[in-house]
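Here is the file run20.tsv (TSV, C-alpha atoms and all ligand atoms).
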```tsv
chain	number	residue	atom	x	y	z
A	19	MET	CA	-81.96	94.35	-1.86
A	20	HIS	CA	-85.74	94.19	-2.03
A	21	ASN	CA	-87.55	94.97	-5.18
A	22	SER	CA	-90.23	97.56	-4.80
A	23	PRO	CA	-92.83	96.59	-7.37
A	24	ALA	CA	-94.84	99.55	-6.15
A	25	LYS	CA	-96.39	101.91	-8.65
A	26	ASP	CA	-95.06	100.06	-11.60
A	27	LEU	CA	-96.67	96.70	-11.01
A	28	GLU	CA	-99.82	97.95	-9.47
A	29	SER	CA	-100.65	100.58	-12.03
A	30	ILE	CA	-99.60	98.58	-15.07
A	31	ALA	CA	-101.38	95.45	-13.96
A	32	ARG	CA	-104.49	97.49	-13.32
A	33	GLN	CA	-104.55	98.72	-16.90
A	34	GLY	CA	-104.68	95.58	-18.82
A	35	GLY	CA	-105.31	92.00	-19.62
A	36	ARG	CA	-103.50	88.79	-19.08
A	37	PHE	CA	-100.65	89.44	-21.52
A	38	LYS	CA	-100.01	92.90	-20.15
A	39	ARG	CA	-99.72	91.37	-16.69
A	40	MET	CA	-97.26	88.81	-18.04
A	41	ALA	CA	-95.33	91.69	-19.60
A	42	VAL	CA	-95.15	93.40	-16.20
A	43	ARG	CA	-93.11	90.49	-14.93
A	44	ILE	CA	-90.57	90.69	-17.74
A	45	PRO	CA	-88.15	93.10	-15.95
A	46	THR	CA	-88.15	90.75	-12.94
A	47	TYR	CA	-87.49	87.78	-15.23
A	48	LEU	CA	-84.65	89.62	-16.98
A	49	THR	CA	-83.05	90.50	-13.65
A	50	ASP	CA	-83.34	86.88	-12.54
A	51	LEU	CA	-81.70	85.81	-15.78
A	52	ARG	CA	-78.81	88.29	-15.51
A	53	GLU	CA	-78.22	87.30	-11.95
A	54	ASN	CA	-78.47	83.58	-12.57
A	55	PRO	CA	-78.43	82.23	-16.15
A	56	ALA	CA	-79.56	78.82	-14.80
A	57	TRP	CA	-82.92	80.47	-14.21
A	58	LEU	CA	-83.89	80.27	-17.90
A	59	PRO	CA	-83.77	76.48	-18.35
A	60	MET	CA	-85.65	76.16	-15.08
A	61	PHE	CA	-88.30	78.63	-16.21
A	62	LEU	CA	-88.78	76.87	-19.55
A	63	LEU	CA	-88.46	73.23	-18.53
A	64	ALA	CA	-89.54	72.89	-14.90
A	65	ARG	CA	-93.18	72.98	-16.02
A	66	THR	CA	-92.83	69.55	-17.66
A	67	LEU	CA	-92.84	66.28	-15.72
A	68	PRO	CA	-90.06	64.54	-17.72
A	69	PHE	CA	-87.63	67.43	-17.18
A	70	ARG	CA	-88.57	67.71	-13.51
A	71	ARG	CA	-87.80	64.00	-13.10
A	72	MET	CA	-84.49	64.33	-14.93
A	73	HIS	CA	-83.54	67.27	-12.74
A	74	TRP	CA	-84.47	65.33	-9.61
A	75	PHE	CA	-82.32	62.32	-10.53
A	76	ALA	CA	-79.41	64.50	-11.65
A	77	THR	CA	-79.31	66.86	-8.68
A	78	ARG	CA	-80.91	65.35	-5.61
A	79	GLN	CA	-78.61	65.32	-2.63
A	80	ARG	CA	-78.74	62.69	0.04
A	81	VAL	CA	-80.26	63.72	3.31
A	82	SER	CA	-77.84	63.37	6.17
A	83	LEU	CA	-78.99	63.34	9.77
A	84	PRO	CA	-82.22	65.10	10.73
A	85	VAL	CA	-81.81	68.56	12.20
A	86	SER	CA	-81.68	68.24	15.96
A	87	GLY	CA	-83.54	70.37	18.49
A	88	ALA	CA	-87.05	70.53	19.83
A	89	SER	CA	-89.84	71.25	17.40
A	90	MET	CA	-92.95	73.28	18.21
A	91	PHE	CA	-94.90	70.65	16.21
A	92	ALA	CA	-94.69	67.95	18.88
A	93	GLY	CA	-96.01	64.49	18.05
A	94	LEU	CA	-95.91	64.86	14.28
A	95	GLU	CA	-94.09	62.16	12.32
A	96	ARG	CA	-91.98	63.66	9.52
A	97	ARG	CA	-92.45	60.48	7.48
A	98	ASP	CA	-96.27	60.88	7.55
A	99	VAL	CA	-95.95	64.45	6.31
A	100	VAL	CA	-93.59	63.48	3.50
A	101	ASP	CA	-95.71	60.47	2.46
A	102	ALA	CA	-98.82	62.66	2.20
A	103	LEU	CA	-96.86	65.20	0.18
A	104	ARG	CA	-95.71	62.57	-2.28
A	105	THR	CA	-99.20	61.11	-2.73
A	106	ASP	CA	-101.48	64.13	-2.49
A	107	GLY	CA	-99.13	67.12	-2.76
A	108	ILE	CA	-100.43	68.38	0.59
A	109	PHE	CA	-100.43	67.57	4.31
A	110	SER	CA	-102.87	69.54	6.42
A	111	GLY	CA	-102.31	68.50	10.03
A	112	LEU	CA	-100.01	71.29	11.28
A	113	MET	CA	-100.86	73.42	14.33
A	114	LEU	CA	-98.87	76.29	15.78
A	115	PRO	CA	-98.72	76.63	19.57
A	116	ASP	CA	-101.15	79.32	20.79
A	117	PRO	CA	-98.45	81.75	22.04
A	118	ILE	CA	-96.73	81.64	18.64
A	119	HIS	CA	-99.73	82.39	16.42
A	120	ARG	CA	-101.02	84.98	18.92
A	121	GLU	CA	-97.67	86.78	18.88
A	122	ILE	CA	-97.64	86.88	15.07
A	123	ALA	CA	-101.24	88.11	14.90
A	124	GLU	CA	-100.46	90.82	17.47
A	125	PHE	CA	-97.46	91.90	15.41
A	126	ALA	CA	-99.57	92.02	12.24
A	127	LEU	CA	-102.27	94.09	13.94
A	128	THR	CA	-99.84	96.68	15.26
A	129	THR	CA	-97.28	96.94	12.44
A	130	GLY	CA	-97.81	98.86	9.20
A	131	CYS	CA	-98.39	96.71	6.12
A	132	PHE	CA	-98.20	97.69	2.43
A	133	GLY	CA	-101.32	97.54	0.30
A	134	ASN	CA	-101.44	95.80	-3.08
A	135	PHE	CA	-97.63	95.28	-3.03
A	136	SER	CA	-97.00	99.03	-3.06
A	137	ARG	CA	-94.74	100.61	-0.47
A	138	LYS	CA	-96.66	103.84	-1.04
A	139	LEU	CA	-99.83	102.35	0.45
A	140	GLU	CA	-98.86	101.87	4.10
A	141	PHE	CA	-101.50	101.36	6.80
A	142	VAL	CA	-102.31	99.20	9.82
A	143	ALA	CA	-104.81	96.42	9.22
A	144	GLY	CA	-107.48	97.85	11.52
A	145	ASP	CA	-107.57	100.98	9.32
A	146	HIS	CA	-108.20	99.08	6.10
A	147	ARG	CA	-111.44	100.87	5.21
A	148	GLN	CA	-109.96	104.31	5.99
A	149	ALA	CA	-106.89	103.40	3.93
A	150	GLU	CA	-109.10	102.55	0.95
A	151	THR	CA	-110.73	105.96	1.30
A	152	ARG	CA	-107.40	107.76	1.79
A	153	PHE	CA	-105.70	106.05	-1.16
A	154	GLU	CA	-108.90	106.07	-3.26
A	155	ARG	CA	-108.67	102.46	-4.35
A	156	PRO	CA	-109.65	98.96	-3.24
A	157	ILE	CA	-106.89	97.35	-1.18
A	158	LEU	CA	-106.92	93.59	-1.45
A	159	SER	CA	-103.65	92.61	0.22
A	160	GLY	CA	-101.37	93.97	2.94
A	161	HIS	CA	-97.81	92.63	2.87
A	162	PHE	CA	-95.14	93.19	5.50
A	163	PHE	CA	-92.20	92.47	3.19
A	164	GLU	CA	-88.94	92.41	5.23
A	165	ARG	CA	-90.80	93.56	8.37
A	166	SER	CA	-92.08	89.99	8.77
A	167	LEU	CA	-88.61	89.03	9.96
A	168	ASP	CA	-88.80	91.51	12.86
A	169	CYS	CA	-91.29	89.23	14.58
A	170	ASP	CA	-89.53	86.66	16.80
A	171	ALA	CA	-92.39	84.20	16.50
A	172	VAL	CA	-92.17	84.32	12.69
A	173	MET	CA	-88.47	83.52	12.94
A	174	ALA	CA	-89.14	80.71	15.40
A	175	VAL	CA	-91.52	79.06	12.90
A	176	GLN	CA	-89.11	79.59	10.02
A	177	ARG	CA	-86.28	77.93	11.98
A	178	ASP	CA	-88.26	75.03	13.37
A	179	PRO	CA	-86.43	71.73	12.72
A	180	LEU	CA	-89.58	70.03	11.42
A	181	LEU	CA	-89.82	72.41	8.48
A	182	ILE	CA	-86.29	71.90	7.25
A	183	ASP	CA	-86.39	68.13	7.89
A	184	VAL	CA	-89.58	67.72	5.86
A	185	ALA	CA	-88.21	70.01	3.14
A	186	ARG	CA	-84.95	68.02	2.89
A	187	GLN	CA	-86.73	64.69	2.77
A	188	TYR	CA	-89.13	65.91	0.10
A	189	LEU	CA	-86.87	68.13	-1.99
A	190	GLY	CA	-83.43	66.62	-1.35
A	191	GLY	CA	-80.60	67.47	1.03
A	192	GLN	CA	-79.93	70.87	-0.54
A	193	ALA	CA	-83.37	72.27	0.39
A	194	LYS	CA	-83.21	75.76	1.88
A	195	VAL	CA	-85.59	78.50	2.96
A	196	ILE	CA	-86.26	80.93	0.12
A	197	THR	CA	-89.26	82.93	1.32
A	198	THR	CA	-90.83	83.93	4.60
A	199	ARG	CA	-93.82	86.24	4.57
A	200	ILE	CA	-96.91	87.20	6.48
A	201	TRP	CA	-99.75	89.08	4.82
A	202	TRP	CA	-103.37	90.10	5.04
A	203	SER	CA	-106.05	89.62	2.41
A	204	PHE	CA	-109.06	91.88	2.86
A	205	PRO	CA	-112.68	91.67	1.73
A	206	THR	CA	-113.00	94.30	-0.98
A	207	GLN	CA	-114.22	94.89	-4.53
A	208	ALA	CA	-110.95	93.92	-6.19
A	209	SER	CA	-110.40	94.03	-9.93
A	210	GLU	CA	-109.40	90.89	-11.78
A	211	ALA	CA	-105.91	92.38	-12.15
A	212	ASP	CA	-105.53	92.94	-8.40
A	213	ARG	CA	-106.75	89.42	-7.68
A	214	SER	CA	-104.33	87.97	-10.15
A	215	MET	CA	-101.40	89.91	-8.63
A	216	ALA	CA	-102.30	88.59	-5.20
A	217	SER	CA	-102.60	84.98	-6.49
A	218	LEU	CA	-106.27	85.01	-5.53
A	219	ASP	CA	-109.25	83.40	-7.24
A	220	LYS	CA	-107.25	81.77	-10.03
A	221	TYR	CA	-105.77	78.29	-9.95
A	222	HIS	CA	-102.06	78.44	-10.72
A	223	PHE	CA	-98.82	76.63	-10.04
A	224	ASP	CA	-95.57	78.20	-8.83
A	225	LEU	CA	-92.53	78.18	-11.03
A	226	ASP	CA	-89.79	79.89	-9.03
A	227	ASP	CA	-87.58	76.82	-8.79
A	228	TRP	CA	-87.28	73.22	-10.01
A	229	ARG	CA	-88.72	71.93	-6.75
A	230	MET	CA	-90.46	73.88	-4.05
A	231	LEU	CA	-92.38	73.35	-0.85
A	232	LYS	CA	-94.51	75.89	0.98
A	233	PHE	CA	-95.69	75.80	4.59
A	234	PHE	CA	-98.78	77.97	5.16
A	235	PHE	CA	-100.42	78.91	8.46
A	236	ASN	CA	-103.82	80.50	9.02
A	237	LEU	CA	-103.19	83.15	11.70
A	238	VAL	CA	-106.85	84.00	12.24
A	239	ASP	CA	-109.80	81.62	12.27
A	240	VAL	CA	-110.43	80.93	8.58
A	241	ASP	CA	-113.86	79.84	7.34
A	242	GLU	CA	-115.48	80.06	3.91
A	243	GLY	CA	-115.90	83.82	4.30
A	244	THR	CA	-112.25	84.45	5.16
A	245	GLY	CA	-110.78	83.64	1.75
A	246	PRO	CA	-109.35	80.18	2.43
A	247	HIS	CA	-106.54	78.66	0.41
A	248	VAL	CA	-107.54	75.85	-1.99
A	249	PHE	CA	-105.30	73.05	-3.29
A	250	VAL	CA	-106.00	70.45	-5.97
A	251	LYS	CA	-104.79	67.12	-4.60
A	252	GLY	CA	-102.64	65.01	-6.91
A	253	SER	CA	-102.14	67.76	-9.49
A	254	HIS	CA	-98.43	67.97	-8.56
A	255	ARG	CA	-97.69	64.54	-10.05
A	256	ARG	CA	-100.43	63.68	-12.56
A	257	ARG	CA	-100.30	66.51	-15.03
A	258	ARG	CA	-102.31	67.22	-18.14
A	259	VAL	CA	-99.94	67.68	-21.13
A	260	LYS	CA	-101.54	71.04	-21.87
A	261	HIS	CA	-100.58	72.21	-18.37
A	262	GLN	CA	-96.97	71.18	-18.95
A	263	LEU	CA	-96.56	72.88	-22.30
A	264	THR	CA	-98.30	76.14	-21.46
A	265	LEU	CA	-96.44	79.37	-20.82
A	266	LEU	CA	-99.20	80.46	-18.46
A	267	VAL	CA	-99.22	79.31	-14.85
A	268	GLY	CA	-102.84	80.38	-14.22
A	269	HIS	CA	-105.84	78.42	-15.51
A	270	SER	CA	-109.59	78.66	-15.09
A	271	ALA	CA	-111.31	76.71	-12.31
A	272	ASP	CA	-113.42	74.74	-14.80
A	273	GLU	CA	-110.41	73.73	-16.84
A	274	VAL	CA	-108.49	72.60	-13.75
A	275	LEU	CA	-111.34	70.88	-11.91
A	276	ASP	CA	-112.77	69.15	-15.01
A	277	TYR	CA	-109.42	67.42	-15.47
A	278	TYR	CA	-108.18	66.77	-11.92
A	279	GLY	CA	-111.64	66.22	-10.44
A	280	ARG	CA	-113.88	68.51	-8.38
A	281	GLU	CA	-113.47	66.17	-5.41
A	282	SER	CA	-109.69	66.78	-5.52
A	283	ALA	CA	-110.02	70.42	-4.47
A	284	VAL	CA	-109.35	70.78	-0.72
A	285	THR	CA	-110.36	74.02	1.00
A	286	LEU	CA	-108.00	74.82	3.88
A	287	THR	CA	-110.29	76.33	6.47
A	288	GLY	CA	-109.21	76.02	10.10
A	289	ARG	CA	-108.80	77.81	13.37
A	290	ALA	CA	-106.04	80.30	14.05
A	291	GLY	CA	-102.72	78.44	14.10
A	292	SER	CA	-103.79	75.65	11.73
A	293	GLY	CA	-101.39	74.99	8.92
A	294	PHE	CA	-100.58	72.84	5.94
A	295	VAL	CA	-97.63	72.16	3.71
A	296	GLU	CA	-97.97	71.80	-0.06
A	297	ASP	CA	-95.99	71.20	-3.20
A	298	PRO	CA	-96.87	74.41	-5.06
A	299	PHE	CA	-96.32	72.75	-8.44
A	300	GLY	CA	-99.82	71.43	-7.73
A	301	PHE	CA	-102.65	73.79	-8.70
A	302	HIS	CA	-103.66	76.09	-5.85
A	303	MET	CA	-104.99	79.55	-5.09
A	304	GLY	CA	-106.12	81.82	-2.32
A	305	THR	CA	-109.68	83.12	-2.50
A	306	VAL	CA	-110.89	86.65	-1.88
A	307	PRO	CA	-112.36	87.05	1.62
A	308	THR	CA	-116.03	87.97	1.59
A	309	GLN	CA	-116.61	88.52	5.32
A	310	LYS	CA	-113.41	89.19	7.25
A	311	PRO	CA	-109.69	89.63	6.64
A	312	ARG	CA	-107.38	86.65	6.50
A	313	LEU	CA	-103.87	86.75	7.97
A	314	MET	CA	-101.48	84.15	6.55
A	315	MET	CA	-97.89	83.10	6.96
A	316	GLU	CA	-95.77	81.27	4.41
A	317	VAL	CA	-92.33	79.69	4.69
A	318	GLY	CA	-91.12	78.52	1.28
A	319	PHE	CA	-88.25	76.14	0.46
A	320	GLY	CA	-86.40	75.60	-2.80
A	321	VAL	CA	-83.33	73.82	-4.11
A	322	SER	CA	-81.55	76.47	-6.18
A	323	LYS	CA	-79.81	79.70	-5.43
A	324	PRO	CA	-82.65	82.03	-4.42
A	325	SER	CA	-83.26	85.01	-6.64
A	326	GLN	CA	-82.27	88.43	-5.26
A	327	ARG	CA	-85.55	89.79	-6.50
A	328	ARG	CA	-89.00	88.55	-5.68
A	329	PHE	CA	-92.08	89.47	-7.63
A	330	HIS	CA	-94.02	89.81	-4.38
A	331	GLY	CA	-91.26	91.84	-2.72
A	332	GLU	CA	-90.66	89.27	0.00
A	333	PRO	CA	-87.32	89.46	1.76
A	334	VAL	CA	-84.69	87.24	0.23
A	335	LEU	CA	-82.86	85.13	2.75
A	336	ARG	CA	-79.29	83.95	2.62
A	401	LIG	O1	-103.11	83.52	-0.60
A	401	LIG	C1	-103.08	82.31	-0.81
A	401	LIG	O2	-103.63	81.48	-0.11
A	401	LIG	C2	-102.35	81.85	-2.06
A	401	LIG	C3	-100.88	82.03	-2.02
A	401	LIG	C4	-100.24	81.49	-3.26
A	401	LIG	O3	-100.89	81.17	-4.22
A	401	LIG	C5	-98.82	81.32	-3.34
A	401	LIG	O4	-98.09	81.67	-2.38
A	401	LIG	O5	-98.35	80.81	-4.37
```

Could you write out this structure as structure tokens?
Ligand SMILES: O=C(O)CCC(=O)C(=O)O
Amino acid sequence: MHNSPAKDLESIARQGGRFKRMAVRIPTYLTDLRENPAWLPMFLLARTLPFRRMHWFATRQRVSLPVSGASMFAGLERRDVVDALRTDGIFSGLMLPDPIHREIAEFALTTGCFGNFSRKLEFVAGDHRQAETRFERPILSGHFFERSLDCDAVMAVQRDPLLIDVARQYLGGQAKVITTRIWWSFPTQASEADRSMASLDKYHFDLDDWRMLKFFFNLVDVDEGTGPHVFVKGSHRRRRVKHQLTLLVGHSADEVLDYYGRESAVTLTGRAGSGFVEDPFGFHMGTVPTQKPRLMMEVGFGVSKPSQRRFHGEPVLR
């Protein structure tokens, strides 16, 4: 059920340049295509604004009643979140209750994670340095894959009515959860290949579905030295033609910021529990921590049948 990118991705990506790393993804793409032929038109066309608009008008489903039940995000107006998403591509005023983010952090400190997306590199976060020595390589990320779902607090966030209500209003009535993950990023001397695999230090946009939304939560205090996430406001709706016609999702910081404006880049620092929701068609990236590890959670929504396989090995939810 879960792909295990393991040796294959890690070692191949390590060996080569940008095109080799694209080639590494080809088996995943082919599996996606076999499983769901509708993936190909999405992959080719969802990078262009005219086709995204056409898809929106052709497929959007009306939103029926909001999901009922108490939300842990008390006092937040869904309309404000959705309005900010439409204008800026991001809303950054989320806050998890203390018991929830503490429970997730405790889980992540006491449960084994997998380094650099490889199930062969298992360790607990507190042993990161020893793990680098034992495995004789820099370890930039520690993912929990399907283990994330063993944490009740993770599931409580994933099922919160606010998330699905915002996702339905923004993406259309068919919006559903497609990813849920928690992961560490560690300060280390990572190669460019490792950073690229972990979506760190390179502006990119996500292209896993026609429309997506991702909720992110900082689960430790995140400052400039903790590898904060960065998002380029407005880049989800005003798009340079070159960035619609390219096959590559990753672009250099200068190229992105020269066009969308340096002042548009928002750095998402915040205390443990702080969160934000973004349209990941906008340019974004994580950054490599320089001082202390960052623990993050993501709940992602999409509008199409989710792929069985995930490049990052996240659990696929039905
Ligand atoms: O680690 C981060 O903050 C970046 C994550 C990311 O780029 C993604 O989920 O698409």

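Near ligand LIG 401 (chain A), the residues found within 8 Å are Ser203, Ala216, Ser217, Leu218, His222, Phe223, Asp224, Lys232, Phe234, Gly245, Pro246, His247, Val248, Pro298, His302, Met303, Gly304, Thr305, Met314 and Glu316 of chain A (criterion computed using only C-alpha atoms and all ligand atoms).
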
Residues within 7 Å of segment 183-187 of chain A, please, as a count of residues only. Count only C-alpha atoms; anything in the same chain fewer than 6 positions from it doesn't count. 8

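One finds atom CA of Gly268 of chain A at 27.0 Å from atom CA of Gly111 of chain A.
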
Contacts of Tyr221 of chain A within 12 Å, all atoms listed in the file, excl. fewer than 6 positions in-chain, as a ChimeraX atom specification: /A:213-214,247-250,253,261,266-275,278,283,298-305

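For the set A:Gly288, A:Gly279, A:Gly293, A:Pro205, the residue with the smallest atom-to-atom gap to Asp239 of chain A is A:Gly288, counting only C-alpha atoms.
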
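Comparing the minimum interatomic distances between Pro115 of chain A and each of A:Arg177, A:Met60, A:Met90, A:Leu139, counting only C-alpha atoms, we find that A:Met90 sits nearest.
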
Please report, as a Markdown table, each residue of segment 242-304 of chain A lying at most 6 Å from segment 101-110 of chain A, together with the nearest pair of atoms and the separation in Å rounded to one decimal; use all atoms listed in the file, and order rows by chain and ascending residue number.
```
| residue | atom | partner | partner_atom | distance |
| --- | --- | --- | --- | --- |
| A:Lys251 | CA | A:Asp106 | CA | 4.9 |
| A:Gly252 | CA | A:Asp106 | CA | 4.7 |
| A:His254 | CA | A:Gly107 | CA | 5.9 |
| A:Phe294 | CA | A:Ser110 | CA | 4.0 |
| A:Val295 | CA | A:Phe109 | CA | 5.4 |
| A:Glu296 | CA | A:Ile108 | CA | 4.3 |
| A:Asp297 | CA | A:Gly107 | CA | 5.2 |
```

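In terms of minimum interatomic distance to Ala92 of chain A, A:Leu180 ranks closest within A:Leu158, A:Leu180, A:Leu62, A:Cys169, counting all atoms listed in the file.
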
So which residues touch Glu121 of chain A within 10 Å, counting only C-alpha atoms, skipping near sequence neighbours fewer than 3 positions away, as a list in words? Asp116, Pro117, Ile118, Glu124, Phe125, Ala126, Leu127, Cys169, Asp170, Ala171, Val172 and Leu237 of chain A

Would you please work out which residue, of A:Asp227, A:Asp241, A:Asp168, A:Glu95, is nearest to Phe61 of chain A when using all atoms listed in the file? A:Asp227

Could you work out how far atom CA of Leu63 of chain A lies from atom CA of Thr264 of chain A, giving the answer in Å with one decimal? 10.7 Å

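Taking all atoms listed in the file into account, Arg71 of chain A lies nearest to A:Arg255 out of the set A:Thr129, A:Thr151, A:Met113, A:Arg255.
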
Could you tell me how far atom CA of Ile122 of chain A lies from atom CA of Gln148 of chain A, in Å and to one decimal? 23.2 Å

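Using all atoms listed in the file for every distance, the candidate list A:Gly190, A:Pro45, A:Pro307, A:Gly133 yields A:Gly133 as the residue closest to Glu154 of chain A.
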
Taking 2 positions as the minimum chain separation for residues in the same chain, which residues sit within 12 Å of Val195 of chain A when counting only C-alpha atoms? Answer as a PyMOL selection string. chain A and resi 173+175-179+181-186+189+192-193+197-199+230-233+316-325+333-336

Take the residues from that selection and write them out as a PDB file, keeping the file's coordinate frame, keeping C-alpha atoms.
```pdb
ATOM      1  CA  MET A 173     -88.470  83.520  12.940  1.00  0.00           C
ATOM      2  CA  VAL A 175     -91.520  79.060  12.900  1.00  0.00           C
ATOM      3  CA  GLN A 176     -89.110  79.590  10.020  1.00  0.00           C
ATOM      4  CA  ARG A 177     -86.280  77.930  11.980  1.00  0.00           C
ATOM      5  CA  ASP A 178     -88.260  75.030  13.370  1.00  0.00           C
ATOM      6  CA  PRO A 179     -86.430  71.730  12.720  1.00  0.00           C
ATOM      7  CA  LEU A 181     -89.820  72.410   8.480  1.00  0.00           C
ATOM      8  CA  ILE A 182     -86.290  71.900   7.250  1.00  0.00           C
ATOM      9  CA  ASP A 183     -86.390  68.130   7.890  1.00  0.00           C
ATOM     10  CA  VAL A 184     -89.580  67.720   5.860  1.00  0.00           C
ATOM     11  CA  ALA A 185     -88.210  70.010   3.140  1.00  0.00           C
ATOM     12  CA  ARG A 186     -84.950  68.020   2.890  1.00  0.00           C
ATOM     13  CA  LEU A 189     -86.870  68.130  -1.990  1.00  0.00           C
ATOM     14  CA  GLN A 192     -79.930  70.870  -0.540  1.00  0.00           C
ATOM     15  CA  ALA A 193     -83.370  72.270   0.390  1.00  0.00           C
ATOM     16  CA  THR A 197     -89.260  82.930   1.320  1.00  0.00           C
ATOM     17  CA  THR A 198     -90.830  83.930   4.600  1.00  0.00           C
ATOM     18  CA  ARG A 199     -93.820  86.240   4.570  1.00  0.00           C
ATOM     19  CA  MET A 230     -90.460  73.880  -4.050  1.00  0.00           C
ATOM     20  CA  LEU A 231     -92.380  73.350  -0.850  1.00  0.00           C
ATOM     21  CA  LYS A 232     -94.510  75.890   0.980  1.00  0.00           C
ATOM     22  CA  PHE A 233     -95.690  75.800   4.590  1.00  0.00           C
ATOM     23  CA  GLU A 316     -95.770  81.270   4.410  1.00  0.00           C
ATOM     24  CA  VAL A 317     -92.330  79.690   4.690  1.00  0.00           C
ATOM     25  CA  GLY A 318     -91.120  78.520   1.280  1.00  0.00           C
ATOM     26  CA  PHE A 319     -88.250  76.140   0.460  1.00  0.00           C
ATOM     27  CA  GLY A 320     -86.400  75.600  -2.800  1.00  0.00           C
ATOM     28  CA  VAL A 321     -83.330  73.820  -4.110  1.00  0.00           C
ATOM     29  CA  SER A 322     -81.550  76.470  -6.180  1.00  0.00           C
ATOM     30  CA  LYS A 323     -79.810  79.700  -5.430  1.00  0.00           C
ATOM     31  CA  PRO A 324     -82.650  82.030  -4.420  1.00  0.00           C
ATOM     32  CA  SER A 325     -83.260  85.010  -6.640  1.00  0.00           C
ATOM     33  CA  PRO A 333     -87.320  89.460   1.760  1.00  0.00           C
ATOM     34  CA  VAL A 334     -84.690  87.240   0.230  1.00  0.00           C
ATOM     35  CA  LEU A 335     -82.860  85.130   2.750  1.00  0.00           C
ATOM     36  CA  ARG A 336     -79.290  83.950   2.620  1.00  0.00           C
TER      37      ARG A 336
END
```

Nearby residues (only C-alpha atoms) at most 12 Å from Arg155 of chain A, same-chain spacing under 6 positions excluded, as a VMD selection string: chain A and resid 28 to 29 32 133 to 134 139 146 to 149 206 to 209 212
